[in-house]
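The next block is work-v4.pdb, given as PDB, C-alpha atoms, pLDDT in the B column.
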```
MODEL        1
ATOM      1  CA  MET A  27     -67.847   5.390 -80.317  1.00 48.00           C
ATOM      2  CA  SER A  28     -64.736   5.812 -78.389  1.00 55.00           C
ATOM      3  CA  THR A  29     -62.730   2.974 -76.926  1.00 63.00           C
ATOM      4  CA  LYS A  30     -61.962   4.908 -73.806  1.00 63.00           C
ATOM      5  CA  SER A  31     -64.073   4.038 -70.817  1.00 61.00           C
ATOM      6  CA  THR A  32     -65.778   6.693 -68.783  1.00 65.00           C
ATOM      7  CA  GLN A  33     -65.083   4.955 -65.491  1.00 64.00           C
ATOM      8  CA  PRO A  34     -61.922   5.752 -63.601  1.00 62.00           C
ATOM      9  CA  GLU A  35     -59.144   3.344 -64.115  1.00 67.00           C
ATOM     10  CA  GLU A  36     -58.571   0.921 -61.287  1.00 72.00           C
ATOM     11  CA  LYS A  37     -55.240   1.160 -59.562  1.00 73.00           C
ATOM     12  CA  GLY A  38     -52.915  -1.761 -59.576  1.00 80.00           C
ATOM     13  CA  PHE A  39     -51.670  -3.625 -56.517  1.00 82.00           C
ATOM     14  CA  PHE A  40     -48.311  -1.830 -56.336  1.00 83.00           C
ATOM     15  CA  GLU A  41     -49.910   1.581 -56.672  1.00 85.00           C
ATOM     16  CA  LYS A  42     -52.205   0.784 -53.760  1.00 84.00           C
ATOM     17  CA  VAL A  43     -49.241  -0.404 -51.652  1.00 86.00           C
ATOM     18  CA  LYS A  44     -47.303   2.724 -52.594  1.00 86.00           C
ATOM     19  CA  GLU A  45     -50.171   4.978 -51.493  1.00 85.00           C
ATOM     20  CA  SER A  46     -50.541   3.057 -48.228  1.00 87.00           C
ATOM     21  CA  ILE A  47     -46.816   3.457 -47.513  1.00 86.00           C
ATOM     22  CA  GLU A  48     -46.971   7.174 -48.317  1.00 87.00           C
ATOM     23  CA  GLU A  49     -49.901   7.650 -45.955  1.00 85.00           C
ATOM     24  CA  PHE A  50     -48.137   5.636 -43.282  1.00 84.00           C
ATOM     25  CA  TRP A  51     -44.926   7.637 -43.799  1.00 82.00           C
ATOM     26  CA  ASP A  52     -46.740  10.983 -43.613  1.00 83.00           C
ATOM     27  CA  GLY A  53     -48.532   9.875 -40.442  1.00 83.00           C
ATOM     28  CA  THR A  54     -45.240   8.764 -38.914  1.00 87.00           C
ATOM     29  CA  LYS A  55     -43.552  12.062 -39.763  1.00 86.00           C
ATOM     30  CA  ASP A  56     -46.426  14.002 -38.194  1.00 86.00           C
ATOM     31  CA  LYS A  57     -46.290  11.829 -35.095  1.00 87.00           C
ATOM     32  CA  ALA A  58     -42.490  12.275 -34.876  1.00 88.00           C
ATOM     33  CA  GLU A  59     -42.846  16.052 -35.087  1.00 89.00           C
ATOM     34  CA  ASP A  60     -45.493  16.002 -32.345  1.00 88.00           C
ATOM     35  CA  VAL A  61     -43.263  13.864 -30.130  1.00 89.00           C
ATOM     36  CA  LYS A  62     -40.301  16.140 -30.815  1.00 90.00           C
ATOM     37  CA  GLU A  63     -42.288  19.224 -29.798  1.00 90.00           C
ATOM     38  CA  ALA A  64     -43.555  17.504 -26.654  1.00 90.00           C
ATOM     39  CA  VAL A  65     -40.000  16.487 -25.706  1.00 91.00           C
ATOM     40  CA  GLU A  66     -38.712  20.013 -26.283  1.00 90.00           C
ATOM     41  CA  ASP A  67     -41.476  21.430 -24.072  1.00 89.00           C
ATOM     42  CA  LYS A  68     -40.766  18.890 -21.354  1.00 89.00           C
ATOM     43  CA  TYR A  69     -37.023  19.619 -21.595  1.00 88.00           C
ATOM     44  CA  ASP A  70     -37.655  23.346 -21.197  1.00 88.00           C
ATOM     45  CA  ASP A  71     -39.920  22.732 -18.198  1.00 86.00           C
ATOM     46  CA  LEU A  72     -37.345  20.504 -16.521  1.00 86.00           C
ATOM     47  CA  LYS A  73     -34.589  22.964 -17.286  1.00 84.00           C
ATOM     48  CA  GLU A  74     -36.564  25.739 -15.585  1.00 84.00           C
ATOM     49  CA  LYS A  75     -37.196  23.545 -12.533  1.00 82.00           C
ATOM     50  CA  VAL A  76     -33.508  22.638 -12.246  1.00 77.00           C
ATOM     51  CA  THR A  77     -32.469  26.251 -12.642  1.00 75.00           C
ATOM     52  CA  ALA A  78     -34.888  27.227  -9.900  1.00 70.00           C
ATOM     53  CA  LYS A  79     -33.560  24.494  -7.579  1.00 70.00           C
ATOM     54  CA  LYS A  80     -29.866  25.299  -8.100  1.00 68.00           C
ATOM     55  CA  PRO A  81     -29.802  28.412  -5.889  1.00 67.00           C
ATOM     56  CA  ALA A  82     -31.541  26.476  -3.134  1.00 65.00           C
ATOM     57  CA  ALA A  83     -28.938  23.735  -3.406  1.00 65.00           C
ATOM     58  CA  LYS A  84     -26.136  26.309  -3.304  1.00 70.00           C
ATOM     59  CA  THR A  85     -27.668  27.797  -0.171  1.00 73.00           C
ATOM     60  CA  LYS A  86     -27.822  24.365   1.452  1.00 76.00           C
ATOM     61  CA  VAL A  87     -24.179  23.740   0.551  1.00 76.00           C
ATOM     62  CA  THR A  88     -23.154  27.108   1.970  1.00 82.00           C
ATOM     63  CA  VAL A  89     -25.026  26.417   5.203  1.00 81.00           C
ATOM     64  CA  ALA A  90     -23.444  22.968   5.429  1.00 84.00           C
ATOM     65  CA  LYS A  91     -19.979  24.462   4.899  1.00 87.00           C
ATOM     66  CA  GLN A  92     -20.617  26.986   7.651  1.00 86.00           C
ATOM     67  CA  GLU A  93     -21.791  24.267  10.028  1.00 88.00           C
ATOM     68  CA  VAL A  94     -18.719  22.156   9.288  1.00 87.00           C
ATOM     69  CA  ALA A  95     -16.434  25.150   9.784  1.00 88.00           C
ATOM     70  CA  HIS A  96     -18.160  25.923  13.090  1.00 87.00           C
ATOM     71  CA  LYS A  97     -17.763  22.311  14.263  1.00 87.00           C
ATOM     72  CA  ILE A  98     -14.091  22.332  13.279  1.00 88.00           C
ATOM     73  CA  ASN A  99     -13.494  25.598  15.131  1.00 87.00           C
ATOM     74  CA  THR A 100     -15.310  24.272  18.200  1.00 89.00           C
ATOM     75  CA  ALA A 101     -13.287  21.059  18.155  1.00 87.00           C
ATOM     76  CA  ALA A 102     -10.047  23.020  17.706  1.00 87.00           C
ATOM     77  CA  THR A 103     -10.932  25.291  20.625  1.00 89.00           C
ATOM     78  CA  LYS A 104     -11.720  22.312  22.850  1.00 88.00           C
ATOM     79  CA  THR A 105      -8.448  20.663  21.856  1.00 89.00           C
ATOM     80  CA  LYS A 106      -6.446  23.806  22.544  1.00 88.00           C
ATOM     81  CA  THR A 107      -8.145  24.226  25.927  1.00 89.00           C
ATOM     82  CA  ALA A 108      -7.461  20.599  26.841  1.00 88.00           C
ATOM     83  CA  ALA A 109      -3.833  20.906  25.730  1.00 89.00           C
ATOM     84  CA  ALA A 110      -3.387  24.082  27.780  1.00 88.00           C
ATOM     85  CA  THR A 111      -4.888  22.371  30.837  1.00 90.00           C
ATOM     86  CA  VAL A 112      -2.632  19.344  30.426  1.00 88.00           C
ATOM     87  CA  LYS A 113       0.393  21.588  29.940  1.00 88.00           C
ATOM     88  CA  ALA A 114      -0.443  23.577  33.073  1.00 87.00           C
ATOM     89  CA  LYS A 115      -0.914  20.396  35.109  1.00 88.00           C
ATOM     90  CA  THR A 116       2.334  18.979  33.751  1.00 89.00           C
ATOM     91  CA  GLU A 117       4.244  22.139  34.608  1.00 89.00           C
ATOM     92  CA  THR A 118       2.764  22.196  38.126  1.00 88.00           C
ATOM     93  CA  LYS A 119       3.613  18.540  38.654  1.00 87.00           C
ATOM     94  CA  ALA A 120       7.111  19.031  37.231  1.00 87.00           C
ATOM     95  CA  LYS A 121       7.708  21.960  39.589  1.00 87.00           C
ATOM     96  CA  ALA A 122       6.468  19.886  42.527  1.00 87.00           C
ATOM     97  CA  VAL A 123       8.692  16.949  41.563  1.00 87.00           C
ATOM     98  CA  THR A 124      11.648  19.290  41.062  1.00 89.00           C
ATOM     99  CA  ALA A 125      11.082  20.886  44.468  1.00 86.00           C
ATOM    100  CA  LYS A 126      10.706  17.471  46.114  1.00 88.00           C
ATOM    101  CA  THR A 127      13.877  16.243  44.412  1.00 89.00           C
ATOM    102  CA  LYS A 128      15.819  19.330  45.478  1.00 88.00           C
ATOM    103  CA  LYS A 129      14.583  18.847  49.039  1.00 88.00           C
ATOM    104  CA  GLU A 130      15.618  15.169  49.025  1.00 87.00           C
ATOM    105  CA  VAL A 131      19.023  16.050  47.548  1.00 86.00           C
ATOM    106  CA  ALA A 132      19.501  18.688  50.241  1.00 86.00           C
ATOM    107  CA  GLU A 133      18.579  16.152  52.935  1.00 85.00           C
ATOM    108  CA  VAL A 134      20.990  13.583  51.483  1.00 84.00           C
ATOM    109  CA  LYS A 135      23.748  16.190  51.317  1.00 82.00           C
ATOM    110  CA  ALA A 136      23.033  17.222  54.896  1.00 82.00           C
ATOM    111  CA  LYS A 137      23.287  13.616  56.043  1.00 80.00           C
ATOM    112  CA  ALA A 138      26.354  12.985  53.908  1.00 76.00           C
ATOM    113  CA  LYS A 139      28.399  15.973  55.225  1.00 76.00           C
ATOM    114  CA  PRO A 140      28.740  14.610  58.793  1.00 74.00           C
ATOM    115  CA  ALA A 141      29.542  11.132  57.487  1.00 69.00           C
ATOM    116  CA  ILE A 142      32.188  12.520  55.118  1.00 70.00           C
ATOM    117  CA  ALA A 143      33.597  14.648  57.904  1.00 69.00           C
ATOM    118  CA  LYS A 144      33.930  11.552  60.151  1.00 68.00           C
ATOM    119  CA  LYS A 145      35.708   9.593  57.401  1.00 67.00           C
ATOM    120  CA  VAL A 146      38.088  12.462  56.754  1.00 65.00           C
ATOM    121  CA  ALA A 147      38.770  12.795  60.458  1.00 66.00           C
ATOM    122  CA  VAL A 148      39.398   9.070  60.818  1.00 65.00           C
ATOM    123  CA  THR A 149      41.763   8.900  57.831  1.00 65.00           C
ATOM    124  CA  LYS A 150      43.917  11.793  59.045  1.00 60.00           C
TER     125      LYS A 150
ENDMDL
END
```
Full structure transcribed into structure tokens:
Amino acid sequence: MSTKSTQPEEKGFFEKVKESIEEFWDGTKDKAEDVKEAVEDKYDDLKEKVTAKKPAAKTKVTVAKQEVAHKINTAATKTKTAAATVKAKTETKAKAVTAKTKKEVAEVKAKAKPAIAKKVAVTK
């Protein structure tokens, strides 16, 4: 008879722990690969959505720039119109004041000539 037993040899404690760790490691690697693939898919989906939204955002920015430019032009036009109106009023008022001053100076000169003539006549 042979001394070898026909039953399979029982594994030791460390061999069982080693197998459990290997199974756990393989499961973790599989799970990590699945997560990685899911993340890549999600990244691609988000990238496509962002790419699709970029032209819309550019359009909104362009429209906003046009609106701002229009508002600036409108404000500039209003300012120029107001400045022209003020300038015209100022010129009209200045002309009126100048005319009034000239008239007053002429009146003063007219009054002063006879008085000067009397003084000259008296001093001679």
Inset, instruction - Could you check how far atom CA of A:Lys97 sits from atom CA of A:Lys79, in Å to one decimal? - result: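 A separation of 27.0 Å between them.
Atom CA of A:Lys126 lies 25.3 Å from atom CA of A:Ala109.
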Inset, instruction - Figure out the distance between atom CA of A:Ala122 and atom CA of A:Ile142, please, to one decimal in Å. - result: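 Between these atoms lies a distance of 29.6 Å.
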Put the listed atoms of stretch 51-56 of chain A in a box along x, y and z with 8 Å added on every side and give me the centre and edge lengths in Å to one decimal, as lines of an AutoDock Vina configuration file.
```
center_x = -46.0
center_y = 10.8
center_z = -41.0
size_x = 21.0
size_y = 22.4
size_z = 21.6
```
Could you please fill out stretch 61-73 of chain A with N, CA and C atoms and send it back as a PDB file, in the coordinates of the input?
```
ATOM      1  N   VAL A  61     -44.073  14.380 -31.235  1.00 89.00           N
ATOM      2  CA  VAL A  61     -43.263  13.864 -30.130  1.00 89.00           C
ATOM      3  C   VAL A  61     -42.071  14.783 -29.873  1.00 89.00           C
ATOM      4  N   LYS A  62     -41.457  15.249 -30.950  1.00 90.00           N
ATOM      5  CA  LYS A  62     -40.301  16.140 -30.815  1.00 90.00           C
ATOM      6  C   LYS A  62     -40.697  17.428 -30.092  1.00 90.00           C
ATOM      7  N   GLU A  63     -41.815  18.005 -30.458  1.00 90.00           N
ATOM      8  CA  GLU A  63     -42.288  19.224 -29.798  1.00 90.00           C
ATOM      9  C   GLU A  63     -42.603  18.968 -28.323  1.00 90.00           C
ATOM     10  N   ALA A  64     -43.226  17.838 -28.042  1.00 90.00           N
ATOM     11  CA  ALA A  64     -43.555  17.504 -26.654  1.00 90.00           C
ATOM     12  C   ALA A  64     -42.281  17.338 -25.827  1.00 90.00           C
ATOM     13  N   VAL A  65     -41.273  16.689 -26.408  1.00 91.00           N
ATOM     14  CA  VAL A  65     -40.000  16.487 -25.706  1.00 91.00           C
ATOM     15  C   VAL A  65     -39.311  17.821 -25.465  1.00 91.00           C
ATOM     16  N   GLU A  66     -39.325  18.695 -26.459  1.00 90.00           N
ATOM     17  CA  GLU A  66     -38.712  20.013 -26.283  1.00 90.00           C
ATOM     18  C   GLU A  66     -39.403  20.799 -25.173  1.00 90.00           C
ATOM     19  N   ASP A  67     -40.730  20.744 -25.128  1.00 89.00           N
ATOM     20  CA  ASP A  67     -41.476  21.430 -24.072  1.00 89.00           C
ATOM     21  C   ASP A  67     -41.130  20.858 -22.698  1.00 89.00           C
ATOM     22  N   LYS A  68     -41.086  19.547 -22.627  1.00 89.00           N
ATOM     23  CA  LYS A  68     -40.766  18.890 -21.354  1.00 89.00           C
ATOM     24  C   LYS A  68     -39.339  19.242 -20.920  1.00 89.00           C
ATOM     25  N   TYR A  69     -38.418  19.266 -21.883  1.00 88.00           N
ATOM     26  CA  TYR A  69     -37.023  19.619 -21.595  1.00 88.00           C
ATOM     27  C   TYR A  69     -36.939  21.041 -21.050  1.00 88.00           C
ATOM     28  N   ASP A  70     -37.663  21.956 -21.672  1.00 88.00           N
ATOM     29  CA  ASP A  70     -37.655  23.346 -21.197  1.00 88.00           C
ATOM     30  C   ASP A  70     -38.234  23.449 -19.791  1.00 88.00           C
ATOM     31  N   ASP A  71     -39.314  22.718 -19.539  1.00 86.00           N
ATOM     32  CA  ASP A  71     -39.920  22.732 -18.198  1.00 86.00           C
ATOM     33  C   ASP A  71     -38.944  22.202 -17.151  1.00 86.00           C
ATOM     34  N   LEU A  72     -38.296  21.087 -17.467  1.00 86.00           N
ATOM     35  CA  LEU A  72     -37.345  20.504 -16.521  1.00 86.00           C
ATOM     36  C   LEU A  72     -36.140  21.424 -16.310  1.00 86.00           C
ATOM     37  N   LYS A  73     -35.722  22.051 -17.381  1.00 84.00           N
ATOM     38  CA  LYS A  73     -34.589  22.964 -17.286  1.00 84.00           C
ATOM     39  C   LYS A  73     -34.922  24.130 -16.353  1.00 84.00           C
TER      40      LYS A  73
END
```
